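This is input11.cif. It holds mmCIF, C-alpha atoms and all ligand atoms.
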data_input
#
loop_
_atom_site.group_PDB
_atom_site.id
_atom_site.type_symbol
_atom_site.label_atom_id
_atom_site.label_comp_id
_atom_site.auth_asym_id
_atom_site.auth_seq_id
_atom_site.Cartn_x
_atom_site.Cartn_y
_atom_site.Cartn_z
ATOM 1 C CA THR A 1 0.000 0.000 0.000
ATOM 2 C CA ILE A 2 1.143 3.476 -0.826
ATOM 3 C CA PRO A 3 0.333 6.204 1.665
ATOM 4 C CA CYS A 4 0.036 8.970 -0.964
ATOM 5 C CA ASP A 5 -3.331 10.035 -2.302
ATOM 6 C CA VAL A 6 -3.121 9.262 -5.994
ATOM 7 C CA THR A 7 -6.209 10.886 -7.349
ATOM 8 C CA ALA A 8 -5.089 11.779 -10.884
ATOM 9 C CA GLU A 9 -6.354 9.781 -13.844
ATOM 10 C CA PRO A 10 -3.484 7.560 -15.021
ATOM 11 C CA THR A 11 -1.571 9.570 -17.615
ATOM 12 C CA TYR A 12 1.917 8.128 -17.407
ATOM 13 C CA SER A 13 2.988 4.531 -17.840
ATOM 14 C CA ALA A 14 6.286 3.169 -16.511
ATOM 15 C CA ASN A 15 7.716 3.453 -20.038
ATOM 16 C CA ASP A 16 7.169 7.202 -20.027
ATOM 17 C CA TYR A 17 9.928 7.483 -17.429
ATOM 18 C CA LYS A 18 12.455 5.516 -19.491
ATOM 19 C CA SER A 19 14.876 7.026 -21.994
ATOM 20 C CA GLN A 20 15.927 5.539 -25.333
ATOM 21 C CA ILE A 21 19.387 4.755 -23.994
ATOM 22 C CA LYS A 22 20.082 1.081 -23.444
ATOM 23 C CA PRO A 23 21.753 0.307 -20.102
ATOM 24 C CA VAL A 24 25.325 -0.980 -20.307
ATOM 25 C CA TRP A 25 25.145 -2.903 -17.028
ATOM 26 C CA CYS A 26 26.301 -6.537 -17.067
ATOM 27 C CA PRO A 27 23.512 -9.022 -17.834
ATOM 28 C CA GLY A 28 21.937 -10.034 -14.537
ATOM 29 C CA CYS A 29 23.039 -6.918 -12.610
ATOM 30 C CA GLY A 30 20.530 -6.000 -9.902
ATOM 31 C CA ASP A 31 20.462 -2.395 -11.090
ATOM 32 C CA TYR A 32 18.169 -3.348 -14.015
ATOM 33 C CA SER A 33 15.438 -4.220 -11.521
ATOM 34 C CA VAL A 34 15.955 -0.984 -9.640
ATOM 35 C CA LEU A 35 15.498 0.977 -12.867
ATOM 36 C CA SER A 36 12.226 -0.844 -13.609
ATOM 37 C CA ALA A 37 11.081 -0.460 -10.020
ATOM 38 C CA LEU A 38 11.780 3.262 -10.122
ATOM 39 C CA THR A 39 9.768 3.771 -13.308
ATOM 40 C CA LYS A 40 6.952 1.666 -11.858
ATOM 41 C CA ALA A 41 6.969 3.716 -8.649
ATOM 42 C CA LEU A 42 6.806 6.993 -10.556
ATOM 43 C CA SER A 43 3.908 5.732 -12.652
ATOM 44 C CA GLU A 44 2.096 4.600 -9.490
ATOM 45 C CA LEU A 45 2.458 8.133 -8.170
ATOM 46 C CA GLN A 46 1.674 9.677 -11.593
ATOM 47 C CA LEU A 47 4.423 12.241 -11.161
ATOM 48 C CA PRO A 48 4.960 14.241 -14.360
ATOM 49 C CA PRO A 49 8.506 13.390 -15.561
ATOM 50 C CA GLU A 50 9.388 17.073 -15.882
ATOM 51 C CA GLN A 51 8.658 17.586 -12.181
ATOM 52 C CA VAL A 52 11.162 14.971 -11.045
ATOM 53 C CA ALA A 53 14.945 15.315 -10.970
ATOM 54 C CA LEU A 54 17.359 12.421 -10.478
ATOM 55 C CA VAL A 55 20.882 13.190 -9.295
ATOM 56 C CA SER A 56 23.666 10.602 -9.127
ATOM 57 C CA GLY A 57 27.359 10.310 -8.313
ATOM 58 C CA ILE A 58 29.814 7.961 -10.046
ATOM 59 C CA GLY A 59 29.683 4.193 -10.382
ATOM 60 C CA CYS A 60 27.664 1.528 -12.161
ATOM 61 C CA SER A 61 24.400 2.447 -10.418
ATOM 62 C CA SER A 62 25.060 6.165 -10.872
ATOM 63 C CA ARG A 63 24.394 5.711 -14.586
ATOM 64 C CA LEU A 64 20.708 5.556 -13.704
ATOM 65 C CA PRO A 65 19.693 9.125 -14.708
ATOM 66 C CA ALA A 66 20.731 8.513 -18.334
ATOM 67 C CA TYR A 67 18.263 5.651 -18.563
ATOM 68 C CA THR A 68 15.302 7.778 -17.484
ATOM 69 C CA SER A 69 13.368 10.604 -19.076
ATOM 70 C CA LEU A 70 13.612 12.665 -15.874
ATOM 71 C CA TYR A 71 15.793 15.700 -15.464
ATOM 72 C CA GLY A 72 19.134 14.157 -14.607
ATOM 73 C CA PHE A 73 22.467 15.233 -13.196
ATOM 74 C CA HIS A 74 25.292 12.681 -13.338
ATOM 75 C CA SER A 75 27.498 14.534 -10.897
ATOM 76 C CA ILE A 76 30.945 13.761 -9.456
ATOM 77 C CA HIS A 77 32.153 10.995 -7.199
ATOM 78 C CA GLY A 78 30.480 11.107 -3.794
ATOM 79 C CA ARG A 79 28.822 14.466 -4.413
ATOM 80 C CA ALA A 80 25.319 13.517 -5.474
ATOM 81 C CA LEU A 81 23.766 14.519 -2.127
ATOM 82 C CA PRO A 82 25.127 18.090 -1.968
ATOM 83 C CA VAL A 83 24.181 18.638 -5.618
ATOM 84 C CA ALA A 84 20.672 17.364 -4.872
ATOM 85 C CA THR A 85 20.480 19.497 -1.721
ATOM 86 C CA GLY A 86 21.303 22.609 -3.724
ATOM 87 C CA LEU A 87 18.718 21.668 -6.304
ATOM 88 C CA LYS A 88 15.998 21.084 -3.718
ATOM 89 C CA ALA A 89 16.875 24.341 -1.959
ATOM 90 C CA ALA A 90 16.492 26.258 -5.210
ATOM 91 C CA ARG A 91 13.517 24.299 -6.525
ATOM 92 C CA PRO A 92 11.469 22.987 -3.596
ATOM 93 C CA ASP A 93 8.629 22.273 -6.018
ATOM 94 C CA LEU A 94 10.573 19.417 -7.672
ATOM 95 C CA THR A 95 10.560 15.827 -6.457
ATOM 96 C CA VAL A 96 14.267 15.192 -5.958
ATOM 97 C CA LEU A 97 15.666 11.667 -6.157
ATOM 98 C CA VAL A 98 19.271 10.665 -5.631
ATOM 99 C CA ALA A 99 20.819 7.388 -6.783
ATOM 100 C CA GLY A 100 24.202 5.761 -6.345
ATOM 101 C CA GLY A 101 26.162 2.911 -4.900
ATOM 102 C CA ASP A 102 27.785 1.988 -1.608
ATOM 103 C CA GLY A 103 31.294 3.145 -2.536
ATOM 104 C CA ASP A 104 30.125 6.480 -3.898
ATOM 105 C CA GLY A 105 27.656 7.118 -1.094
ATOM 106 C CA PHE A 106 29.329 5.769 2.028
ATOM 107 C CA SER A 107 33.044 6.208 1.344
ATOM 108 C CA ILE A 108 33.739 9.111 -0.974
ATOM 109 C CA GLY A 109 30.401 10.711 -0.083
ATOM 110 C CA GLY A 110 30.285 9.487 3.511
ATOM 111 C CA ASN A 111 30.498 12.899 5.071
ATOM 112 C CA HIS A 112 27.755 14.246 2.811
ATOM 113 C CA PHE A 113 25.600 11.270 3.748
ATOM 114 C CA LEU A 114 25.793 12.152 7.451
ATOM 115 C CA HIS A 115 24.828 15.742 6.891
ATOM 116 C CA ALA A 116 22.088 14.998 4.387
ATOM 117 C CA CYS A 117 20.442 12.741 6.992
ATOM 118 C CA ARG A 118 20.928 15.417 9.613
ATOM 119 C CA ARG A 119 19.626 18.227 7.438
ATOM 120 C CA ASN A 120 16.587 16.095 6.634
ATOM 121 C CA ILE A 121 15.782 17.922 3.423
ATOM 122 C CA ASP A 122 12.933 16.391 1.456
ATOM 123 C CA MET A 123 14.541 13.968 -0.991
ATOM 124 C CA THR A 124 14.773 10.222 -1.587
ATOM 125 C CA TYR A 125 18.188 8.545 -1.693
ATOM 126 C CA ILE A 126 18.248 5.142 -3.403
ATOM 127 C CA VAL A 127 21.495 3.308 -2.693
ATOM 128 C CA MET A 128 22.178 0.204 -4.770
ATOM 129 C CA ASP A 129 24.383 -1.628 -2.311
ATOM 130 C CA ASN A 130 26.452 -4.553 -3.582
ATOM 131 C CA ALA A 131 29.305 -4.176 -1.098
ATOM 132 C CA VAL A 132 31.829 -3.712 -3.895
ATOM 133 C CA TYR A 133 33.204 -1.111 -6.285
ATOM 134 C CA GLY A 134 31.855 -2.619 -9.509
ATOM 135 C CA MET A 135 32.876 0.032 -12.025
ATOM 136 C CA THR A 136 36.562 -0.139 -11.073
ATOM 137 C CA LYS A 137 36.529 -3.932 -11.219
ATOM 138 C CA GLY A 138 35.776 -5.259 -7.797
ATOM 139 C CA GLN A 139 37.463 -3.636 -4.802
ATOM 140 C CA ALA A 140 36.124 -3.746 -1.244
ATOM 141 C CA SER A 141 33.760 -0.918 -0.280
ATOM 142 C CA PRO A 142 32.638 0.364 3.154
ATOM 143 C CA THR A 143 29.845 -2.232 3.293
ATOM 144 C CA THR A 144 32.112 -5.192 2.415
ATOM 145 C CA ALA A 145 32.388 -7.817 5.160
ATOM 146 C CA PRO A 146 35.900 -8.042 6.652
ATOM 147 C CA ASP A 147 36.390 -11.645 5.508
ATOM 148 C CA TRP A 148 35.641 -11.103 1.798
ATOM 149 C CA THR A 149 38.705 -12.278 -0.088
ATOM 150 C CA GLY A 150 37.458 -11.729 -3.641
ATOM 151 C CA SER A 151 39.738 -8.817 -4.524
ATOM 152 C CA LYS A 152 43.458 -9.072 -5.285
ATOM 153 C CA LEU A 153 43.881 -5.894 -3.250
ATOM 154 C CA THR A 154 42.554 -7.594 -0.118
ATOM 155 C CA PRO A 155 43.402 -11.291 -0.653
ATOM 156 C CA GLU A 156 43.044 -12.048 3.047
ATOM 157 C CA GLY A 157 39.960 -9.901 3.548
ATOM 158 C CA THR A 158 39.770 -6.248 4.455
ATOM 159 C CA GLY A 159 40.313 -6.871 8.138
ATOM 160 C CA ILE A 160 38.034 -3.955 9.008
ATOM 161 C CA GLU A 161 34.401 -4.008 9.997
ATOM 162 C CA ALA A 162 31.783 -2.992 7.461
ATOM 163 C CA ILE A 163 29.711 0.082 8.217
ATOM 164 C CA HIS A 164 25.973 -0.194 8.757
ATOM 165 C CA PRO A 165 24.308 2.522 6.644
ATOM 166 C CA LEU A 166 20.898 2.158 8.300
ATOM 167 C CA GLU A 167 22.354 2.636 11.782
ATOM 168 C CA ILE A 168 24.174 5.717 10.572
ATOM 169 C CA ALA A 169 21.047 7.126 8.941
ATOM 170 C CA LEU A 170 19.003 6.502 12.071
ATOM 171 C CA SER A 171 21.614 8.137 14.309
ATOM 172 C CA ALA A 172 22.070 11.100 12.004
ATOM 173 C CA GLY A 173 18.381 12.008 11.727
ATOM 174 C CA ALA A 174 16.956 10.557 8.484
ATOM 175 C CA ASN A 175 13.185 10.546 8.630
ATOM 176 C CA PHE A 176 12.418 7.422 6.594
ATOM 177 C CA ILE A 177 14.684 4.378 6.386
ATOM 178 C CA ALA A 178 13.999 1.203 4.431
ATOM 179 C CA ARG A 179 15.781 -1.791 2.969
ATOM 180 C CA THR A 180 14.722 -3.836 -0.022
ATOM 181 C CA PHE A 181 16.129 -6.341 -2.508
ATOM 182 C CA ALA A 182 16.522 -5.904 -6.271
ATOM 183 C CA GLY A 183 15.212 -9.453 -6.815
ATOM 184 C CA GLN A 184 11.803 -8.270 -5.548
ATOM 185 C CA PRO A 185 11.098 -5.327 -7.875
ATOM 186 C CA ASN A 186 7.523 -4.815 -6.637
ATOM 187 C CA HIS A 187 8.838 -4.379 -3.129
ATOM 188 C CA VAL A 188 11.541 -1.992 -4.382
ATOM 189 C CA ALA A 189 8.839 0.049 -6.153
ATOM 190 C CA GLN A 190 6.731 0.126 -3.007
ATOM 191 C CA MET A 191 9.673 1.301 -0.889
ATOM 192 C CA ILE A 192 10.482 4.020 -3.446
ATOM 193 C CA CYS A 193 6.847 5.213 -3.430
ATOM 194 C CA GLU A 194 6.795 5.315 0.347
ATOM 195 C CA GLY A 195 10.157 7.083 0.453
ATOM 196 C CA ILE A 196 8.988 9.750 -1.985
ATOM 197 C CA CYS A 197 5.773 10.303 -0.052
ATOM 198 C CA ALA A 198 7.504 10.505 3.328
ATOM 199 C CA PRO A 199 8.547 14.060 4.241
ATOM 200 C CA GLY A 200 12.233 14.786 4.804
ATOM 201 C CA PHE A 201 15.224 12.642 3.933
ATOM 202 C CA SER A 202 14.401 9.074 2.902
ATOM 203 C CA LEU A 203 17.071 6.392 2.602
ATOM 204 C CA ILE A 204 16.300 3.251 0.652
ATOM 205 C CA GLN A 205 19.064 0.657 0.737
ATOM 206 C CA VAL A 206 18.562 -1.763 -2.139
ATOM 207 C CA LEU A 207 20.562 -4.985 -1.928
ATOM 208 C CA SER A 208 21.490 -5.089 -5.615
ATOM 209 C CA PRO A 209 23.721 -8.007 -6.626
ATOM 210 C CA CYS A 210 26.908 -7.376 -8.584
ATOM 211 C CA VAL A 211 26.864 -10.634 -10.513
ATOM 212 C CA THR A 212 30.286 -9.991 -12.041
ATOM 213 C CA PHE A 213 32.448 -9.269 -9.004
ATOM 214 C CA ARG A 214 30.270 -10.768 -6.248
ATOM 215 C CA PRO A 215 28.590 -13.722 -8.028
ATOM 216 C CA GLU A 216 27.724 -15.246 -4.644
ATOM 217 C CA GLN A 217 25.208 -12.381 -4.206
ATOM 218 C CA ARG A 218 22.882 -14.320 -6.522
ATOM 219 C CA GLY A 219 22.151 -16.187 -3.289
ATOM 220 C CA TYR A 220 20.580 -13.073 -1.710
ATOM 221 C CA LYS A 221 17.168 -14.325 -2.794
ATOM 222 C CA GLU A 222 17.439 -17.148 -0.261
ATOM 223 C CA GLN A 223 18.733 -14.845 2.454
ATOM 224 C CA VAL A 224 16.320 -11.884 2.431
ATOM 225 C CA HIS A 225 13.310 -11.937 4.734
ATOM 226 C CA GLN A 226 10.599 -9.275 4.945
ATOM 227 C CA ASP A 227 10.759 -8.763 8.701
ATOM 228 C CA TRP A 228 10.041 -5.075 8.887
ATOM 229 C CA SER A 229 6.493 -5.208 7.571
ATOM 230 C CA THR A 230 5.283 -2.685 10.143
ATOM 231 C CA PRO A 231 7.321 0.502 10.269
ATOM 232 C CA VAL A 232 8.201 1.790 13.716
ATOM 233 C CA THR A 233 7.980 5.458 14.590
ATOM 234 C CA ASP A 234 9.974 5.175 17.797
ATOM 235 C CA ARG A 235 13.726 5.597 17.283
ATOM 236 C CA LYS A 236 14.662 3.441 20.241
ATOM 237 C CA GLU A 237 12.575 0.594 18.866
ATOM 238 C CA ALA A 238 14.228 1.020 15.457
ATOM 239 C CA PHE A 239 17.677 0.791 17.082
ATOM 240 C CA LEU A 240 16.590 -2.398 18.836
ATOM 241 C CA ARG A 241 15.529 -3.826 15.482
ATOM 242 C CA LEU A 242 18.975 -3.077 14.109
ATOM 243 C CA LEU A 243 20.688 -4.875 16.981
ATOM 244 C CA ASP A 244 19.105 -8.089 15.682
ATOM 245 C CA ASP A 245 19.687 -7.280 12.019
ATOM 246 C CA ASP A 246 21.573 -9.828 9.915
ATOM 247 C CA GLY A 247 21.711 -7.410 6.955
ATOM 248 C CA PHE A 248 18.893 -9.152 5.081
ATOM 249 C CA ALA A 249 15.733 -7.955 6.839
ATOM 250 C CA THR A 250 13.648 -5.880 4.433
ATOM 251 C CA GLY A 251 10.812 -3.396 4.735
ATOM 252 C CA VAL A 252 10.448 0.006 6.377
ATOM 253 C CA LEU A 253 12.747 0.116 9.380
ATOM 254 C CA TYR A 254 11.712 3.541 10.623
ATOM 255 C CA ARG A 255 9.271 6.292 9.794
ATOM 256 C CA GLY A 256 10.081 9.355 11.849
ATOM 257 C CA ASN A 257 8.494 12.633 12.587
ATOM 258 C CA HIS A 258 11.416 15.052 12.328
ATOM 259 C CA ARG A 259 10.712 18.399 10.783
ATOM 260 C CA PRO A 260 12.115 18.550 7.224
ATOM 261 C CA PHE A 261 14.508 21.347 6.450
ATOM 262 C CA HIS A 262 13.032 24.126 4.359
ATOM 263 C CA PRO A 263 15.451 26.664 3.003
ATOM 264 C CA ALA A 264 12.691 29.130 2.162
ATOM 265 C CA PRO A 265 9.809 29.098 4.649
ATOM 266 C CA ASP A 266 7.329 30.286 2.059
ATOM 267 C CA ASP A 267 8.660 27.928 -0.668
ATOM 268 C CA THR A 268 8.272 30.665 -3.218
ATOM 269 C CA LEU A 269 11.813 31.615 -4.214
ATOM 270 C CA SER A 270 11.790 33.125 -7.653
ATOM 271 C CA ILE A 271 14.796 33.252 -9.971
ATOM 272 C CA ALA A 272 15.085 36.970 -9.112
ATOM 273 C CA ASP A 273 15.163 36.119 -5.376
ATOM 274 C CA LEU A 274 17.868 33.555 -6.013
ATOM 275 C CA GLU A 275 19.944 35.960 -8.055
ATOM 276 C CA LYS A 276 19.701 38.493 -5.246
ATOM 277 C CA ARG A 277 20.464 35.927 -2.561
ATOM 278 C CA PHE A 278 23.508 34.468 -4.283
ATOM 279 C CA ALA A 279 24.539 37.726 -6.009
ATOM 280 C CA LEU A 280 24.625 36.006 -9.399
HETATM 281 FE FE1 LIG B 301 26.340 -4.436 -12.149
HETATM 282 FE FE2 LIG B 301 28.605 -5.361 -11.071
HETATM 283 FE FE3 LIG B 301 28.361 -5.256 -13.713
HETATM 284 FE FE4 LIG B 301 28.570 -3.000 -12.295
HETATM 285 S S1 LIG B 301 30.137 -4.590 -12.516
HETATM 286 S S2 LIG B 301 27.117 -3.383 -13.999
HETATM 287 S S3 LIG B 301 27.449 -3.517 -10.429
HETATM 288 S S4 LIG B 301 27.130 -6.527 -12.318
HETATM 289 MG MG MG B 302 28.883 -0.819 -5.150
#
Now, as a test, write the supplied structure out as structure tokens.
Ligand code: SF4
Ligand code: MG
Amino acid sequence: TIPCDVTAEPTYSANDYKSQIKPVWCPGCGDYSVLSALTKALSELQLPPEQVALVSGIGCSSRLPAYTSLYGFHSIHGRALPVATGLKAARPDLTVLVAGGDGDGFSIGGNHFLHACRRNIDMTYIVMDNAVYGMTKGQASPTTAPDWTGSKLTPEGTGIEAIHPLEIALSAGANFIARTFAGQPNHVAQMICEGICAPGFSLIQVLSPCVTFRPEQRGYKEQVHQDWSTPVTDRKEAFLRLLDDDGFATGVLYRGNHRPFHPAPDDTLSIADLEKRFAL
């Protein structure tokens, strides 16, 4: 179920959100499902494509904007969130989506991630997490388990603990936090819809297998379990859920009530106001 009121007559189909560009992802990559789920979610919400902007960083999953008909910004490594924050500050009327991977978002962009959660600006961050740097041919990322020996750079494992993005998001102040799995595209679409409809900063971690450099992730389908079917609104309860988390529970972990950040209280910044404010 989607908590938004979708009253409009259906005008847009999922295909209306796709571009003509054919994805270059490896066959079987989880990111294909995320692309379809995103277009399905947008058609469920009937958002006009020209009122949605999709910002990404660098990496396999960050190619996503090119494959959509939305306004897109393929930005620089780790910087998708500040670019999106600037966009939302200038154009609060747009639905702002951000997409990327675990390396881009939690290593290079790790600091931005903290402050985007904390600022709680109204945007939806979709992280396709495969615990590897796929584009640069398979190095360990911040979400890689310490005993993963699949890279020549870390033949005996990384030796350092993986970070837990959902714990970080919950600590830092994100208002909506969910996890889903690319092998269940309807669930991904539902999480994206709920994330878009939730006010403030929404994090959606999508377990998205990298079949080329982490072929064992094909086994995710046997490991995921939809345990978080009822979202909790109490932060303490959400932390308790995470203490028992094996990394494969899916659903809405937390739906908070923090006030979203609004750069302009009246939401009516004109181009002239912006020029004056930033002395352009
Ligand atoms: Fe997907 Fe991995 Fe191929 Fe990148 S390298 S497109 S993440 S399967
Ligand atoms: Mg990755």
Excluding Val132 (chain A) and its own-chain neighbours fewer than 2 positions away, which residues fall within 10 Å of it when counting only C-alpha atoms? Please give them as a PDB file with C-alpha atoms, keeping the file's coordinate frame.
ATOM      1  CA  GLY A 101      26.162   2.911  -4.900  1.00  0.00           C
ATOM      2  CA  ASP A 102      27.785   1.988  -1.608  1.00  0.00           C
ATOM      3  CA  GLY A 103      31.294   3.145  -2.536  1.00  0.00           C
ATOM      4  CA  ASP A 129      24.383  -1.628  -2.311  1.00  0.00           C
ATOM      5  CA  ASN A 130      26.452  -4.553  -3.582  1.00  0.00           C
ATOM      6  CA  GLY A 134      31.855  -2.619  -9.509  1.00  0.00           C
ATOM      7  CA  MET A 135      32.876   0.032 -12.025  1.00  0.00           C
ATOM      8  CA  THR A 136      36.562  -0.139 -11.073  1.00  0.00           C
ATOM      9  CA  LYS A 137      36.529  -3.932 -11.219  1.00  0.00           C
ATOM     10  CA  GLY A 138      35.776  -5.259  -7.797  1.00  0.00           C
ATOM     11  CA  GLN A 139      37.463  -3.636  -4.802  1.00  0.00           C
ATOM     12  CA  ALA A 140      36.124  -3.746  -1.244  1.00  0.00           C
ATOM     13  CA  SER A 141      33.760  -0.918  -0.280  1.00  0.00           C
ATOM     14  CA  PRO A 142      32.638   0.364   3.154  1.00  0.00           C
ATOM     15  CA  THR A 143      29.845  -2.232   3.293  1.00  0.00           C
ATOM     16  CA  THR A 144      32.112  -5.192   2.415  1.00  0.00           C
ATOM     17  CA  ALA A 145      32.388  -7.817   5.160  1.00  0.00           C
ATOM     18  CA  GLY A 150      37.458 -11.729  -3.641  1.00  0.00           C
ATOM     19  CA  SER A 151      39.738  -8.817  -4.524  1.00  0.00           C
ATOM     20  CA  PRO A 209      23.721  -8.007  -6.626  1.00  0.00           C
ATOM     21  CA  CYS A 210      26.908  -7.376  -8.584  1.00  0.00           C
ATOM     22  CA  PHE A 213      32.448  -9.269  -9.004  1.00  0.00           C
ATOM     23  CA  ARG A 214      30.270 -10.768  -6.248  1.00  0.00           C
TER      24      ARG A 214
END
- Query: Taking all atoms listed in the file into account, which of A:Tyr125, A:Tyr12, A:Phe181, A:Tyr32 comes nearest Ala53 (chain A)?
  - Reply: A:Tyr125
- Query: For the file shown, what are the residues hit by the PyMOL selection byres (((chain A and resi 40) around 10) and not hetatm), laid out as JSON, numbers by chain?
  - Reply: {"A": [12, 13, 14, 15, 16, 17, 34, 35, 36, 37, 38, 39, 41, 42, 43, 44, 45, 46, 185, 186, 188, 189, 190, 192, 193]}
I would like the residues chosen by the PyMOL selection byres (((chain A and resi 245) around 12) and not hetatm) on the shown file; could you give them as a PDB file with C-alpha atoms, keeping the file's coordinate frame?
ATOM      1  CA  HIS A 164      25.973  -0.194   8.757  1.00  0.00           C
ATOM      2  CA  LEU A 166      20.898   2.158   8.300  1.00  0.00           C
ATOM      3  CA  GLU A 167      22.354   2.636  11.782  1.00  0.00           C
ATOM      4  CA  ARG A 179      15.781  -1.791   2.969  1.00  0.00           C
ATOM      5  CA  VAL A 224      16.320 -11.884   2.431  1.00  0.00           C
ATOM      6  CA  HIS A 225      13.310 -11.937   4.734  1.00  0.00           C
ATOM      7  CA  GLN A 226      10.599  -9.275   4.945  1.00  0.00           C
ATOM      8  CA  ASP A 227      10.759  -8.763   8.701  1.00  0.00           C
ATOM      9  CA  TRP A 228      10.041  -5.075   8.887  1.00  0.00           C
ATOM     10  CA  ALA A 238      14.228   1.020  15.457  1.00  0.00           C
ATOM     11  CA  PHE A 239      17.677   0.791  17.082  1.00  0.00           C
ATOM     12  CA  LEU A 240      16.590  -2.398  18.836  1.00  0.00           C
ATOM     13  CA  ARG A 241      15.529  -3.826  15.482  1.00  0.00           C
ATOM     14  CA  LEU A 242      18.975  -3.077  14.109  1.00  0.00           C
ATOM     15  CA  LEU A 243      20.688  -4.875  16.981  1.00  0.00           C
ATOM     16  CA  ASP A 244      19.105  -8.089  15.682  1.00  0.00           C
ATOM     17  CA  ASP A 246      21.573  -9.828   9.915  1.00  0.00           C
ATOM     18  CA  GLY A 247      21.711  -7.410   6.955  1.00  0.00           C
ATOM     19  CA  PHE A 248      18.893  -9.152   5.081  1.00  0.00           C
ATOM     20  CA  ALA A 249      15.733  -7.955   6.839  1.00  0.00           C
ATOM     21  CA  THR A 250      13.648  -5.880   4.433  1.00  0.00           C
ATOM     22  CA  LEU A 253      12.747   0.116   9.380  1.00  0.00           C
TER      23      LEU A 253
END
- Task: Can you pull out every residue within 10 Å of region 118-121 of chain A, counting only C-alpha atoms, but drop anything in the same chain fewer than 3 positions away, and send it as a PyMOL selection string?
- Result: chain A and resi 84-85+88-89+92+96+112-115+124+169-176+199-202+258-263
Could you save those same residues with C-alpha atoms as a PDB file, in the coordinates of the input?
ATOM      1  CA  ALA A  84      20.672  17.364  -4.872  1.00  0.00           C
ATOM      2  CA  THR A  85      20.480  19.497  -1.721  1.00  0.00           C
ATOM      3  CA  LYS A  88      15.998  21.084  -3.718  1.00  0.00           C
ATOM      4  CA  ALA A  89      16.875  24.341  -1.959  1.00  0.00           C
ATOM      5  CA  PRO A  92      11.469  22.987  -3.596  1.00  0.00           C
ATOM      6  CA  VAL A  96      14.267  15.192  -5.958  1.00  0.00           C
ATOM      7  CA  HIS A 112      27.755  14.246   2.811  1.00  0.00           C
ATOM      8  CA  PHE A 113      25.600  11.270   3.748  1.00  0.00           C
ATOM      9  CA  LEU A 114      25.793  12.152   7.451  1.00  0.00           C
ATOM     10  CA  HIS A 115      24.828  15.742   6.891  1.00  0.00           C
ATOM     11  CA  THR A 124      14.773  10.222  -1.587  1.00  0.00           C
ATOM     12  CA  ALA A 169      21.047   7.126   8.941  1.00  0.00           C
ATOM     13  CA  LEU A 170      19.003   6.502  12.071  1.00  0.00           C
ATOM     14  CA  SER A 171      21.614   8.137  14.309  1.00  0.00           C
ATOM     15  CA  ALA A 172      22.070  11.100  12.004  1.00  0.00           C
ATOM     16  CA  GLY A 173      18.381  12.008  11.727  1.00  0.00           C
ATOM     17  CA  ALA A 174      16.956  10.557   8.484  1.00  0.00           C
ATOM     18  CA  ASN A 175      13.185  10.546   8.630  1.00  0.00           C
ATOM     19  CA  PHE A 176      12.418   7.422   6.594  1.00  0.00           C
ATOM     20  CA  PRO A 199       8.547  14.060   4.241  1.00  0.00           C
ATOM     21  CA  GLY A 200      12.233  14.786   4.804  1.00  0.00           C
ATOM     22  CA  PHE A 201      15.224  12.642   3.933  1.00  0.00           C
ATOM     23  CA  SER A 202      14.401   9.074   2.902  1.00  0.00           C
ATOM     24  CA  HIS A 258      11.416  15.052  12.328  1.00  0.00           C
ATOM     25  CA  ARG A 259      10.712  18.399  10.783  1.00  0.00           C
ATOM     26  CA  PRO A 260      12.115  18.550   7.224  1.00  0.00           C
ATOM     27  CA  PHE A 261      14.508  21.347   6.450  1.00  0.00           C
ATOM     28  CA  HIS A 262      13.032  24.126   4.359  1.00  0.00           C
ATOM     29  CA  PRO A 263      15.451  26.664   3.003  1.00  0.00           C
TER      30      PRO A 263
END
- Smallest atom-to-atom distance to ligand LIG 301 (chain B): which of A:Glu216, A:Glu237, A:Asp122, A:Glu222, using all atoms listed in the file?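 Going through A:Glu216, A:Glu237, A:Asp122, A:Glu222 one by one, the smallest distance to ligand LIG 301 (chain B) is for A:Glu216.
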